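Have a look at the structure below, then the notes.
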Amino acid sequence: MEAIKLFAKWNRTEIDYSMLHTLGIKEIEKKQYARLSTGQKRRLHLALALISNPDIIFLDEPTAGLDALGRLSLHEQIRKLKSQGKTIVLASHDMAEVEALCDRIAILNHGNIVFCGTASELTDKVGKKYFIHIKTQQGERTFETDNIEDSLIALLGELKEKGTHVIDIKVDRGTLEQHFMEMTRRGSE
């Protein structure tokens, strides 16, 4: 709490105790910094960054070292900040986190921006990738396609011709991580 009070005084602002509660600072308020876990330090760093109520917030791997509860808490705080009209620049290798939190995405490859836009614009640029997972008695296979209807009909027809019994079929759309990999592969060609 000494650090929080000091930062509040430097920034000539009141302490937002609801924000501290959301970040779980109450449980560590009397601990010395050196005795905090990595996740606790992350939460404290974010609290200190938010003391001055900035309009633009830069977060570099903010959930690294956090447990599942800490991640959810931080995600909740980021969504709250977004709803207040704050601009948040988030750097992360966690594509699920990016997909869940970000309105716009920039993909860097060797320091160069190879894509900037929304997740749906990325999908349009990379192509509508689908993954068809077919499980048979012989095992499981995955097929990648841009045309789900034609591919699925052809695969099922081929399996029927061979007399192969299909146990299960699952179709997934391409994930942000798969699109990221495609863009970085293209960017390095």
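If you're wondering about the labels, chains in the structure tokens are A, B, ... by order shown, residues count from 1 in each chain, ligands from 1 in order shown.
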When you look at Leu156 of chain A with a cut-off of 12 Å (counting only C-alpha atoms), what residues show up, excluding the ones that are within fewer than 4 positions of it in the same chain? I need them as a list in words. Ile132, His133, Ile134, Lys135, Thr136, Phe143, Ile148, Glu149, Asp150, Ser151, Leu152, Lys160, Glu161, Lys162, Gly163, Thr164, His165, Val166, Ile167, Asp168 and Ile169 of chain A
With N, CA and C atoms kept, could you save the residues just selected as an mmCIF file, in the first residue's frame?
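Writing done, so here's part-v1.cif:
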```
data_model
loop_
_atom_site.group_PDB
_atom_site.id
_atom_site.type_symbol
_atom_site.label_atom_id
_atom_site.label_comp_id
_atom_site.auth_asym_id
_atom_site.auth_seq_id
_atom_site.Cartn_x
_atom_site.Cartn_y
_atom_site.Cartn_z
ATOM 1 N N ILE A 132 -11.344 -30.051 -40.759
ATOM 2 C CA ILE A 132 -12.293 -31.146 -40.630
ATOM 3 C C ILE A 132 -11.552 -32.298 -39.945
ATOM 4 N N HIS A 133 -12.036 -32.690 -38.777
ATOM 5 C CA HIS A 133 -11.434 -33.790 -38.022
ATOM 6 C C HIS A 133 -12.358 -34.997 -38.174
ATOM 7 N N ILE A 134 -11.856 -36.045 -38.770
ATOM 8 C CA ILE A 134 -12.666 -37.247 -38.985
ATOM 9 C C ILE A 134 -12.042 -38.397 -38.197
ATOM 10 N N LYS A 135 -12.877 -39.032 -37.370
ATOM 11 C CA LYS A 135 -12.418 -40.175 -36.576
ATOM 12 C C LYS A 135 -13.067 -41.433 -37.146
ATOM 13 N N THR A 136 -12.206 -42.408 -37.477
ATOM 14 C CA THR A 136 -12.680 -43.696 -37.963
ATOM 15 C C THR A 136 -12.062 -44.781 -37.087
ATOM 16 N N PHE A 143 -8.132 -32.523 -41.940
ATOM 17 C CA PHE A 143 -8.014 -31.962 -43.277
ATOM 18 C C PHE A 143 -8.248 -30.463 -43.193
ATOM 19 N N ILE A 148 -15.611 -25.721 -47.198
ATOM 20 C CA ILE A 148 -16.053 -26.782 -46.292
ATOM 21 C C ILE A 148 -17.059 -27.738 -46.942
ATOM 22 N N GLU A 149 -17.990 -27.193 -47.728
ATOM 23 C CA GLU A 149 -19.039 -28.036 -48.290
ATOM 24 C C GLU A 149 -18.464 -29.084 -49.241
ATOM 25 N N ASP A 150 -17.711 -28.621 -50.229
ATOM 26 C CA ASP A 150 -17.160 -29.543 -51.226
ATOM 27 C C ASP A 150 -16.201 -30.541 -50.588
ATOM 28 N N SER A 151 -15.348 -30.055 -49.680
ATOM 29 C CA SER A 151 -14.363 -30.934 -49.040
ATOM 30 C C SER A 151 -15.031 -32.003 -48.195
ATOM 31 N N LEU A 152 -16.021 -31.618 -47.420
ATOM 32 C CA LEU A 152 -16.695 -32.568 -46.535
ATOM 33 C C LEU A 152 -17.423 -33.637 -47.349
ATOM 34 N N LYS A 160 -16.887 -43.595 -47.712
ATOM 35 C CA LYS A 160 -17.990 -44.531 -47.964
ATOM 36 C C LYS A 160 -17.587 -45.547 -49.037
ATOM 37 N N GLU A 161 -16.919 -45.054 -50.087
ATOM 38 C CA GLU A 161 -16.448 -45.944 -51.159
ATOM 39 C C GLU A 161 -15.507 -47.017 -50.633
ATOM 40 N N LYS A 162 -14.665 -46.641 -49.692
ATOM 41 C CA LYS A 162 -13.692 -47.576 -49.114
ATOM 42 C C LYS A 162 -14.329 -48.465 -48.055
ATOM 43 N N GLY A 163 -15.586 -48.183 -47.687
ATOM 44 C CA GLY A 163 -16.263 -48.956 -46.654
ATOM 45 C C GLY A 163 -15.785 -48.619 -45.245
ATOM 46 N N THR A 164 -15.226 -47.442 -45.094
ATOM 47 C CA THR A 164 -14.709 -47.005 -43.792
ATOM 48 C C THR A 164 -15.842 -46.415 -42.964
ATOM 49 N N HIS A 165 -16.007 -46.939 -41.750
ATOM 50 C CA HIS A 165 -17.048 -46.460 -40.839
ATOM 51 C C HIS A 165 -16.569 -45.198 -40.117
ATOM 52 N N VAL A 166 -17.342 -44.112 -40.235
ATOM 53 C CA VAL A 166 -17.004 -42.847 -39.575
ATOM 54 C C VAL A 166 -17.605 -42.855 -38.174
ATOM 55 N N ILE A 167 -16.745 -42.654 -37.172
ATOM 56 C CA ILE A 167 -17.188 -42.640 -35.772
ATOM 57 C C ILE A 167 -17.604 -41.237 -35.342
ATOM 58 N N ASP A 168 -16.827 -40.231 -35.795
ATOM 59 C CA ASP A 168 -17.114 -38.857 -35.365
ATOM 60 C C ASP A 168 -16.540 -37.878 -36.384
ATOM 61 N N ILE A 169 -17.204 -36.731 -36.508
ATOM 62 C CA ILE A 169 -16.728 -35.640 -37.354
ATOM 63 C C ILE A 169 -16.815 -34.351 -36.540
#
```
Taking the backbone alone, and naming residues the way the document does, which bits of chain A are strand (DSSP E) by DSSP, as a ChimeraX atom specification? /A:56-60,87-91,105-109,112-117,130-136,139-145,166-173
Please list as a PyMOL selection string every residue within 10 Å of segment 62-79 of chain A, counting only C-alpha atoms and excluding residues in the same chain fewer than 6 positions away. chain A and resi 19+21-24+37-43+45-46+85-88+90-94+97+100-102
Using the selection just defined, write its residues with N, CA and C atoms as a PDB file, in the first residue's frame.
```
ATOM      1  N   MET A  19     -10.911  -0.538  -7.805  1.00  0.00           N
ATOM      2  CA  MET A  19      -9.935  -1.086  -8.748  1.00  0.00           C
ATOM      3  C   MET A  19      -8.934  -1.969  -8.002  1.00  0.00           C
ATOM      4  N   HIS A  21      -9.478  -3.590  -5.254  1.00  0.00           N
ATOM      5  CA  HIS A  21     -10.204  -4.801  -4.872  1.00  0.00           C
ATOM      6  C   HIS A  21     -10.299  -5.761  -6.061  1.00  0.00           C
ATOM      7  N   THR A  22     -10.657  -5.216  -7.233  1.00  0.00           N
ATOM      8  CA  THR A  22     -10.781  -6.046  -8.427  1.00  0.00           C
ATOM      9  C   THR A  22      -9.468  -6.745  -8.756  1.00  0.00           C
ATOM     10  N   LEU A  23      -8.351  -6.053  -8.539  1.00  0.00           N
ATOM     11  CA  LEU A  23      -7.039  -6.625  -8.838  1.00  0.00           C
ATOM     12  C   LEU A  23      -6.488  -7.498  -7.711  1.00  0.00           C
ATOM     13  N   GLY A  24      -7.216  -7.572  -6.592  1.00  0.00           N
ATOM     14  CA  GLY A  24      -6.775  -8.418  -5.486  1.00  0.00           C
ATOM     15  C   GLY A  24      -5.608  -7.843  -4.702  1.00  0.00           C
ATOM     16  N   SER A  37       4.766 -12.790  -5.109  1.00  0.00           N
ATOM     17  CA  SER A  37       4.928 -13.740  -6.217  1.00  0.00           C
ATOM     18  C   SER A  37       4.918 -12.954  -7.527  1.00  0.00           C
ATOM     19  N   THR A  38       5.269 -13.617  -8.621  1.00  0.00           N
ATOM     20  CA  THR A  38       5.255 -12.966  -9.929  1.00  0.00           C
ATOM     21  C   THR A  38       3.869 -12.429 -10.255  1.00  0.00           C
ATOM     22  N   GLY A  39       2.845 -13.231 -10.001  1.00  0.00           N
ATOM     23  CA  GLY A  39       1.479 -12.796 -10.280  1.00  0.00           C
ATOM     24  C   GLY A  39       1.067 -11.603  -9.432  1.00  0.00           C
ATOM     25  N   GLN A  40       1.458 -11.602  -8.166  1.00  0.00           N
ATOM     26  CA  GLN A  40       1.141 -10.485  -7.287  1.00  0.00           C
ATOM     27  C   GLN A  40       1.849  -9.216  -7.759  1.00  0.00           C
ATOM     28  N   LYS A  41       3.082  -9.360  -8.217  1.00  0.00           N
ATOM     29  CA  LYS A  41       3.818  -8.200  -8.743  1.00  0.00           C
ATOM     30  C   LYS A  41       3.112  -7.653  -9.979  1.00  0.00           C
ATOM     31  N   ARG A  42       2.630  -8.541 -10.852  1.00  0.00           N
ATOM     32  CA  ARG A  42       1.903  -8.114 -12.058  1.00  0.00           C
ATOM     33  C   ARG A  42       0.672  -7.291 -11.687  1.00  0.00           C
ATOM     34  N   ARG A  43      -0.058  -7.778 -10.704  1.00  0.00           N
ATOM     35  CA  ARG A  43      -1.265  -7.059 -10.278  1.00  0.00           C
ATOM     36  C   ARG A  43      -0.909  -5.702  -9.685  1.00  0.00           C
ATOM     37  N   HIS A  45       1.808  -3.901 -10.393  1.00  0.00           N
ATOM     38  CA  HIS A  45       2.277  -3.049 -11.489  1.00  0.00           C
ATOM     39  C   HIS A  45       1.089  -2.431 -12.229  1.00  0.00           C
ATOM     40  N   LEU A  46       0.062  -3.240 -12.492  1.00  0.00           N
ATOM     41  CA  LEU A  46      -1.116  -2.711 -13.182  1.00  0.00           C
ATOM     42  C   LEU A  46      -1.810  -1.664 -12.321  1.00  0.00           C
ATOM     43  N   GLY A  85     -13.860   3.811 -22.179  1.00  0.00           N
ATOM     44  CA  GLY A  85     -13.316   4.559 -23.303  1.00  0.00           C
ATOM     45  C   GLY A  85     -11.798   4.651 -23.314  1.00  0.00           C
ATOM     46  N   LYS A  86     -11.136   3.860 -22.509  1.00  0.00           N
ATOM     47  CA  LYS A  86      -9.670   3.864 -22.477  1.00  0.00           C
ATOM     48  C   LYS A  86      -9.130   3.134 -23.705  1.00  0.00           C
ATOM     49  N   THR A  87      -8.003   3.596 -24.203  1.00  0.00           N
ATOM     50  CA  THR A  87      -7.309   2.913 -25.286  1.00  0.00           C
ATOM     51  C   THR A  87      -6.247   2.028 -24.656  1.00  0.00           C
ATOM     52  N   ILE A  88      -6.283   0.747 -24.995  1.00  0.00           N
ATOM     53  CA  ILE A  88      -5.343  -0.206 -24.419  1.00  0.00           C
ATOM     54  C   ILE A  88      -4.543  -0.845 -25.551  1.00  0.00           C
ATOM     55  N   LEU A  90      -2.155  -3.785 -26.127  1.00  0.00           N
ATOM     56  CA  LEU A  90      -1.817  -5.039 -25.455  1.00  0.00           C
ATOM     57  C   LEU A  90      -0.854  -5.844 -26.318  1.00  0.00           C
ATOM     58  N   ALA A  91       0.315  -6.141 -25.778  1.00  0.00           N
ATOM     59  CA  ALA A  91       1.263  -7.022 -26.461  1.00  0.00           C
ATOM     60  C   ALA A  91       1.172  -8.382 -25.790  1.00  0.00           C
ATOM     61  N   SER A  92       0.927  -9.424 -26.593  1.00  0.00           N
ATOM     62  CA  SER A  92       0.753 -10.745 -26.012  1.00  0.00           C
ATOM     63  C   SER A  92       1.075 -11.825 -27.039  1.00  0.00           C
ATOM     64  N   HIS A  93       1.596 -12.945 -26.545  1.00  0.00           N
ATOM     65  CA  HIS A  93       1.781 -14.124 -27.375  1.00  0.00           C
ATOM     66  C   HIS A  93       0.602 -15.083 -27.212  1.00  0.00           C
ATOM     67  N   ASP A  94      -0.308 -14.769 -26.312  1.00  0.00           N
ATOM     68  CA  ASP A  94      -1.466 -15.609 -26.030  1.00  0.00           C
ATOM     69  C   ASP A  94      -2.603 -15.208 -26.966  1.00  0.00           C
ATOM     70  N   GLU A  97      -6.134 -14.889 -25.593  1.00  0.00           N
ATOM     71  CA  GLU A  97      -6.294 -13.636 -24.845  1.00  0.00           C
ATOM     72  C   GLU A  97      -6.514 -12.469 -25.810  1.00  0.00           C
ATOM     73  N   ALA A 100      -9.973 -12.651 -27.280  1.00  0.00           N
ATOM     74  CA  ALA A 100     -11.016 -12.327 -26.308  1.00  0.00           C
ATOM     75  C   ALA A 100     -11.066 -10.847 -25.949  1.00  0.00           C
ATOM     76  N   LEU A 101      -9.931 -10.154 -25.998  1.00  0.00           N
ATOM     77  CA  LEU A 101      -9.873  -8.794 -25.467  1.00  0.00           C
ATOM     78  C   LEU A 101      -9.737  -7.680 -26.505  1.00  0.00           C
ATOM     79  N   CYS A 102      -9.217  -7.992 -27.679  1.00  0.00           N
ATOM     80  CA  CYS A 102      -8.824  -6.933 -28.607  1.00  0.00           C
ATOM     81  C   CYS A 102      -9.850  -6.677 -29.708  1.00  0.00           C
TER      82      CYS A 102
END
```
For Phe7 of chain A, the nearest of the candidates A:Leu59, A:Cys116, A:Asp103, A:Leu48, counting only C-alpha atoms: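 Checking each candidate against Phe7 of chain A, we get A:Leu48 as the closest.
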If I take atom CA of Lys170 of chain A and atom CA of Ala154 of chain A, how far is one from the other in Å, to one decimal? 15.5 Å
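Closest approach to Thr175 of chain A among A:Asp124, A:Glu99, A:Glu158, A:Glu140: A:Glu99, based on only C-alpha atoms.
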So, counting only C-alpha atoms, which residue among A:Gln178, A:Asn112, A:Thr13, A:Thr118 is closest to Ala96 of chain A?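 Under the stated criterion, the closest residue is A:Gln178.
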DSSP-assigned helix (DSSP H, G or I) members of segment 4-157 of chain A, reported as number ranges by chain: A: 4-10, 17-22, 26-28, 33-35, 38-50, 68-83, 95-101, 119-126, 148-157
May I ask for the distance between atom CA of Glu29 of chain A and atom CA of Ile4 of chain A, given in Å to one decimal place?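 Distance reported for this atom pair: 9.1 Å.
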Using only C-alpha atoms, can you tell me which of A:Ile57, A:Met181, A:Ser52, A:Leu176 comes closest to Trp10 of chain A?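 Of the candidates, the smallest distance to Trp10 of chain A is held by A:Ser52.
Residue nearest Leu6 of chain A, chosen from A:Val171, A:Glu144, A:Ile51, A:Ile107 and counting only C-alpha atoms: A:Ile51.
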